[in-house]
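Coordinates from work.pdb are shown below (PDB, C-alpha atoms).
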```pdb
ATOM      1  CA  MET A  13    -146.771  -9.650  88.492  1.00  0.00           C
ATOM      2  CA  LYS A  14    -149.641 -11.978  89.401  1.00  0.00           C
ATOM      3  CA  LEU A  15    -147.177 -14.847  89.836  1.00  0.00           C
ATOM      4  CA  ASN A  16    -145.179 -12.802  92.363  1.00  0.00           C
ATOM      5  CA  ILE A  17    -148.313 -12.403  94.523  1.00  0.00           C
ATOM      6  CA  LEU A  18    -149.941 -15.786  93.909  1.00  0.00           C
ATOM      7  CA  LEU A  19    -146.935 -18.037  94.563  1.00  0.00           C
ATOM      8  CA  PRO A  20    -146.138 -16.744  98.098  1.00  0.00           C
ATOM      9  CA  THR A  21    -149.848 -16.910  98.974  1.00  0.00           C
ATOM     10  CA  ILE A  22    -150.062 -20.573  97.946  1.00  0.00           C
ATOM     11  CA  LEU A  23    -146.876 -21.440  99.816  1.00  0.00           C
ATOM     12  CA  ALA A  24    -148.083 -19.687 102.971  1.00  0.00           C
ATOM     13  CA  ALA A  25    -151.450 -21.484 102.843  1.00  0.00           C
ATOM     14  CA  GLY A  26    -149.681 -24.830 102.463  1.00  0.00           C
ATOM     15  CA  ALA A  27    -147.355 -24.054 105.364  1.00  0.00           C
ATOM     16  CA  PHE A  28    -150.323 -23.354 107.661  1.00  0.00           C
ATOM     17  CA  ALA A  29    -152.352 -26.384 106.514  1.00  0.00           C
ATOM     18  CA  LEU A  30    -149.559 -28.940 106.869  1.00  0.00           C
ATOM     19  CA  PRO A  31    -149.098 -28.663 110.659  1.00  0.00           C
ATOM     20  CA  LEU A  32    -152.870 -28.831 111.233  1.00  0.00           C
ATOM     21  CA  HIS A  33    -153.192 -31.967 109.110  1.00  0.00           C
ATOM     22  CA  ALA A  34    -150.230 -33.639 110.797  1.00  0.00           C
ATOM     23  CA  GLN A  35    -151.604 -32.959 114.283  1.00  0.00           C
ATOM     24  CA  ASN A  36    -154.844 -34.761 113.505  1.00  0.00           C
ATOM     25  CA  ASP A  37    -153.113 -37.847 112.075  1.00  0.00           C
ATOM     26  CA  VAL A  38    -150.929 -38.540 115.112  1.00  0.00           C
ATOM     27  CA  PRO A  39    -152.210 -40.041 118.371  1.00  0.00           C
ATOM     28  CA  GLY A  40    -152.494 -37.228 120.864  1.00  0.00           C
ATOM     29  CA  GLY A  41    -154.450 -35.058 118.386  1.00  0.00           C
ATOM     30  CA  ALA A  42    -154.236 -31.297 118.259  1.00  0.00           C
ATOM     31  CA  MET A  43    -152.183 -31.082 121.456  1.00  0.00           C
ATOM     32  CA  GLY A  44    -149.223 -32.204 119.407  1.00  0.00           C
ATOM     33  CA  GLY A  45    -147.861 -35.699 119.793  1.00  0.00           C
ATOM     34  CA  THR A  46    -147.971 -38.545 122.226  1.00  0.00           C
ATOM     35  CA  THR A  47    -147.258 -38.959 125.883  1.00  0.00           C
ATOM     36  CA  PRO A  48    -144.238 -40.995 127.028  1.00  0.00           C
ATOM     37  CA  ALA A  49    -146.643 -43.794 128.034  1.00  0.00           C
ATOM     38  CA  ASP A  50    -148.142 -43.816 124.516  1.00  0.00           C
ATOM     39  CA  GLN A  51    -144.681 -43.953 122.966  1.00  0.00           C
ATOM     40  CA  ALA A  52    -143.654 -46.890 125.164  1.00  0.00           C
ATOM     41  CA  ALA A  53    -146.832 -48.828 124.334  1.00  0.00           C
ATOM     42  CA  THR A  54    -146.765 -48.150 120.574  1.00  0.00           C
ATOM     43  CA  PRO A  55    -143.932 -48.959 118.147  1.00  0.00           C
ATOM     44  CA  ALA A  56    -142.499 -45.837 116.533  1.00  0.00           C
ATOM     45  CA  ALA A  57    -143.505 -46.921 113.017  1.00  0.00           C
ATOM     46  CA  ALA A  58    -147.193 -47.079 113.988  1.00  0.00           C
ATOM     47  CA  THR A  59    -147.291 -43.393 114.958  1.00  0.00           C
ATOM     48  CA  THR A  60    -146.285 -42.041 111.555  1.00  0.00           C
ATOM     49  CA  PRO A  61    -149.151 -40.532 109.519  1.00  0.00           C
ATOM     50  CA  ALA A  62    -148.717 -43.167 106.777  1.00  0.00           C
ATOM     51  CA  ALA A  63    -148.946 -46.019 109.298  1.00  0.00           C
ATOM     52  CA  VAL A  64    -152.020 -44.525 110.976  1.00  0.00           C
ATOM     53  CA  GLU A  65    -153.840 -44.216 107.640  1.00  0.00           C
ATOM     54  CA  ALA A  66    -153.000 -47.816 106.718  1.00  0.00           C
ATOM     55  CA  THR A  67    -154.450 -49.388 109.858  1.00  0.00           C
ATOM     56  CA  PRO A  68    -157.876 -51.052 109.671  1.00  0.00           C
ATOM     57  CA  ALA A  69    -159.171 -48.789 112.461  1.00  0.00           C
ATOM     58  CA  ALA A  70    -158.648 -45.797 110.176  1.00  0.00           C
ATOM     59  CA  SER A  71    -160.992 -47.200 107.502  1.00  0.00           C
ATOM     60  CA  SER A  72    -164.124 -45.158 106.919  1.00  0.00           C
ATOM     61  CA  ALA A  73    -167.488 -46.065 108.389  1.00  0.00           C
ATOM     62  CA  ALA A  74    -168.861 -46.014 104.857  1.00  0.00           C
ATOM     63  CA  ALA A  75    -167.499 -49.508 104.258  1.00  0.00           C
ATOM     64  CA  GLN A  76    -169.632 -51.023 107.038  1.00  0.00           C
ATOM     65  CA  THR A  77    -172.649 -53.093 106.025  1.00  0.00           C
ATOM     66  CA  LEU A  78    -175.694 -52.098 108.047  1.00  0.00           C
ATOM     67  CA  HIS A  79    -179.154 -53.709 108.140  1.00  0.00           C
ATOM     68  CA  PHE A  80    -182.640 -52.227 108.084  1.00  0.00           C
ATOM     69  CA  GLY A  81    -186.250 -53.281 108.038  1.00  0.00           C
ATOM     70  CA  GLY A  82    -189.650 -51.674 108.113  1.00  0.00           C
ATOM     71  CA  MET A  83    -192.662 -50.676 106.104  1.00  0.00           C
ATOM     72  CA  LEU A  84    -192.223 -49.086 102.703  1.00  0.00           C
ATOM     73  CA  SER A  85    -193.784 -45.614 102.717  1.00  0.00           C
ATOM     74  CA  ALA A  86    -192.612 -44.261  99.329  1.00  0.00           C
ATOM     75  CA  VAL A  87    -190.973 -45.328  96.071  1.00  0.00           C
ATOM     76  CA  ASP A  88    -189.405 -42.784  93.713  1.00  0.00           C
ATOM     77  CA  THR A  89    -188.500 -44.543  90.459  1.00  0.00           C
ATOM     78  CA  THR A  90    -187.187 -41.284  88.950  1.00  0.00           C
ATOM     79  CA  ALA A  91    -184.655 -40.657  91.738  1.00  0.00           C
ATOM     80  CA  ASN A  92    -184.187 -44.419  92.386  1.00  0.00           C
ATOM     81  CA  THR A  93    -184.952 -44.068  96.084  1.00  0.00           C
ATOM     82  CA  ILE A  94    -187.228 -45.755  98.575  1.00  0.00           C
ATOM     83  CA  THR A  95    -188.371 -44.503 101.960  1.00  0.00           C
ATOM     84  CA  VAL A  96    -188.757 -47.011 104.765  1.00  0.00           C
ATOM     85  CA  GLN A  97    -190.531 -46.289 108.046  1.00  0.00           C
ATOM     86  CA  ASN A  98    -189.888 -48.175 111.274  1.00  0.00           C
ATOM     87  CA  LYS A  99    -190.695 -47.545 114.929  1.00  0.00           C
ATOM     88  CA  LYS A 100    -187.123 -47.075 116.169  1.00  0.00           C
ATOM     89  CA  GLN A 101    -185.602 -44.834 113.497  1.00  0.00           C
ATOM     90  CA  GLY A 102    -188.544 -43.209 111.755  1.00  0.00           C
ATOM     91  CA  PRO A 103    -188.483 -42.623 107.994  1.00  0.00           C
ATOM     92  CA  ARG A 104    -185.208 -43.186 106.166  1.00  0.00           C
ATOM     93  CA  THR A 105    -184.529 -42.755 102.457  1.00  0.00           C
ATOM     94  CA  PHE A 106    -182.290 -45.265 100.695  1.00  0.00           C
ATOM     95  CA  GLN A 107    -180.600 -44.958  97.293  1.00  0.00           C
ATOM     96  CA  VAL A 108    -181.160 -47.869  94.872  1.00  0.00           C
ATOM     97  CA  THR A 109    -178.219 -48.404  92.496  1.00  0.00           C
ATOM     98  CA  ASP A 110    -177.530 -50.672  89.538  1.00  0.00           C
ATOM     99  CA  SER A 111    -175.691 -53.032  91.877  1.00  0.00           C
ATOM    100  CA  THR A 112    -178.569 -53.291  94.397  1.00  0.00           C
ATOM    101  CA  LYS A 113    -179.897 -56.860  94.467  1.00  0.00           C
ATOM    102  CA  VAL A 114    -183.714 -56.678  94.717  1.00  0.00           C
ATOM    103  CA  THR A 115    -185.527 -59.933  95.518  1.00  0.00           C
ATOM    104  CA  LYS A 116    -188.692 -61.246  97.085  1.00  0.00           C
ATOM    105  CA  THR A 117    -188.389 -63.257 100.304  1.00  0.00           C
ATOM    106  CA  ASP A 118    -188.819 -66.470  98.277  1.00  0.00           C
ATOM    107  CA  GLY A 119    -185.595 -65.556  96.422  1.00  0.00           C
ATOM    108  CA  SER A 120    -187.174 -64.640  93.076  1.00  0.00           C
ATOM    109  CA  ALA A 121    -185.939 -61.510  91.316  1.00  0.00           C
ATOM    110  CA  ALA A 122    -187.870 -58.248  91.698  1.00  0.00           C
ATOM    111  CA  THR A 123    -187.679 -54.617  90.579  1.00  0.00           C
ATOM    112  CA  LEU A 124    -188.709 -51.254  91.997  1.00  0.00           C
ATOM    113  CA  ALA A 125    -191.915 -51.586  89.970  1.00  0.00           C
ATOM    114  CA  ASP A 126    -192.871 -54.554  92.217  1.00  0.00           C
ATOM    115  CA  LEU A 127    -192.830 -52.329  95.310  1.00  0.00           C
ATOM    116  CA  LYS A 128    -195.846 -50.549  96.735  1.00  0.00           C
ATOM    117  CA  ALA A 129    -196.438 -48.468  99.840  1.00  0.00           C
ATOM    118  CA  GLY A 130    -197.229 -50.680 102.815  1.00  0.00           C
ATOM    119  CA  ASP A 131    -194.912 -53.541 101.769  1.00  0.00           C
ATOM    120  CA  HIS A 132    -192.657 -54.925 104.449  1.00  0.00           C
ATOM    121  CA  VAL A 133    -189.033 -54.670 103.294  1.00  0.00           C
ATOM    122  CA  HIS A 134    -185.611 -55.410 104.746  1.00  0.00           C
ATOM    123  CA  GLY A 135    -182.047 -55.639 103.585  1.00  0.00           C
ATOM    124  CA  ALA A 136    -178.546 -54.236 103.849  1.00  0.00           C
ATOM    125  CA  PHE A 137    -176.995 -50.865 103.041  1.00  0.00           C
ATOM    126  CA  LYS A 138    -173.827 -48.864 103.427  1.00  0.00           C
ATOM    127  CA  LYS A 139    -173.354 -45.186 104.134  1.00  0.00           C
ATOM    128  CA  THR A 140    -171.511 -43.326 101.405  1.00  0.00           C
ATOM    129  CA  ASP A 141    -168.967 -40.588 102.010  1.00  0.00           C
ATOM    130  CA  ASP A 142    -171.617 -37.974 101.257  1.00  0.00           C
ATOM    131  CA  GLY A 143    -173.960 -39.431 103.916  1.00  0.00           C
ATOM    132  CA  LYS A 144    -176.419 -41.217 101.634  1.00  0.00           C
ATOM    133  CA  MET A 145    -177.615 -44.728 102.470  1.00  0.00           C
ATOM    134  CA  GLU A 146    -176.914 -46.931  99.445  1.00  0.00           C
ATOM    135  CA  LEU A 147    -178.798 -50.225  99.260  1.00  0.00           C
ATOM    136  CA  LEU A 148    -176.767 -53.370  98.763  1.00  0.00           C
ATOM    137  CA  THR A 149    -179.736 -55.752  99.044  1.00  0.00           C
ATOM    138  CA  LEU A 150    -183.481 -55.201  99.244  1.00  0.00           C
ATOM    139  CA  LYS A 151    -185.918 -57.990 100.046  1.00  0.00           C
ATOM    140  CA  ILE A 152    -189.640 -57.519  99.611  1.00  0.00           C
ATOM    141  CA  GLY A 153    -191.673 -59.190 102.340  1.00  0.00           C
ATOM    142  CA  PRO A 154    -191.244 -59.643 106.076  1.00  0.00           C
ATOM    143  CA  ALA A 155    -187.940 -60.955 107.367  1.00  0.00           C
ATOM    144  CA  ALA A 156    -187.923 -64.625 108.318  1.00  0.00           C
ATOM    145  CA  LYS A 157    -188.302 -65.187 112.030  1.00  0.00           C
ATOM    146  CA  LYS A 158    -185.260 -66.586 113.769  1.00  0.00           C
ATOM    147  CA  SER A 159    -185.534 -70.125 115.093  1.00  0.00           C
ATOM    148  CA  PRO A 160    -184.780 -70.674 118.803  1.00  0.00           C
TER     149      PRO A 160
END
```
Output the file's structure as structure tokens, nothing else.
Amino acid sequence: MKLNILLPTILAAGAFALPLHAQNDVPGGAMGGTTPADQAATPAAATTPAAVEATPAASSAAAQTLHFGGMLSAVDTTANTITVQNKKQGPRTFQVTDSTKVTKTDGSAATLADLKAGDHVHGAFKKTDDGKMELLTLKIGPAAKKSP
């Protein structure tokens, strides 16, 4: 009895979700498809959902390497996070992982235990799919000034 009710419900939900998903994957968005000008300018194979997902432009922003710098305001060795304050963006909390490379500006290895509030730090991070900022590199000490 439950199967007789559950199966049609699942099929109906899938039937409604499929057209919504397909509309968002095709250029032209929710209005359903492309204009004749779009079709003339784009090969037909590039407008299929599989081709759109495979293009580099469709890659997530999480893969981008971003840079930061500022003054260290907090270190949480239990949660493996640091909070960095700078004038432009205010306080930001970064996740330290096992793959984060922590060094001093002279290149020597360092750990979270070497950090203290007030240290100048800089490095690189990436945003994860869940919105966290995951450190790739962390350098303790002010960034080297660029030569003219």
Quiz item: Expanded to explicit residues, what is the PyMOL selection byres ((chain A and resi 93) around 9) for this file, as a PyMOL selection string?
Solution: chain A and resi 86-92+94-95+105-109
Include C-alpha atoms and write out the residues we just selected as a short mmCIF file (atom, residue, chain, number, x, y, z; two decimals), in the coordinates of the input.
```
data_model
loop_
_atom_site.label_atom_id
_atom_site.label_comp_id
_atom_site.auth_asym_id
_atom_site.auth_seq_id
_atom_site.Cartn_x
_atom_site.Cartn_y
_atom_site.Cartn_z
CA ALA A 86 -192.61 -44.26 99.33
CA VAL A 87 -190.97 -45.33 96.07
CA ASP A 88 -189.40 -42.78 93.71
CA THR A 89 -188.50 -44.54 90.46
CA THR A 90 -187.19 -41.28 88.95
CA ALA A 91 -184.66 -40.66 91.74
CA ASN A 92 -184.19 -44.42 92.39
CA ILE A 94 -187.23 -45.76 98.58
CA THR A 95 -188.37 -44.50 101.96
CA THR A 105 -184.53 -42.76 102.46
CA PHE A 106 -182.29 -45.26 100.70
CA GLN A 107 -180.60 -44.96 97.29
CA VAL A 108 -181.16 -47.87 94.87
CA THR A 109 -178.22 -48.40 92.50
#
```
Practice problem: Starting from the displayed file, determine the output of the PyMOL selection byres ((chain A and resi 119) around 12) and express the residue list as a PyMOL selection string. | Solution: chain A and resi 113-118+120-122+149-153
Exercise. Could you expand the PyMOL selection byres ((chain A and resi 75-82) around 6) into the explicit residues it covers here, written as a PyMOL selection string?
Key: chain A and resi 73-74+83+96-98+132-138
Quiz item: Could you state the separation of CA of Leu124 in chain A and CA of Pro154 in chain A in Å, given to one decimal place?
Solution: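 Result for CA of Leu124 in chain A versus CA of Pro154 in chain A: 16.6 Å, one decimal.
A straight line drawn from CA of Lys99 in chain A to CA of Thr140 in chain A is 23.8 Å long.
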Quiz item: Any idea what the distance is between CA of Pro103 in chain A and CA of Leu148 in chain A?
Solution: 18.4 Å
Quiz prompt | Distance criterion (all atoms listed in the file): nearest to Arg104 in chain A out of A:Ala156, A:Lys128, A:Ser85, A:Asp142 | solution =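 Of A:Ala156, A:Lys128, A:Ser85, A:Asp142, the one nearest Arg104 in chain A is A:Ser85, counting all atoms listed in the file.
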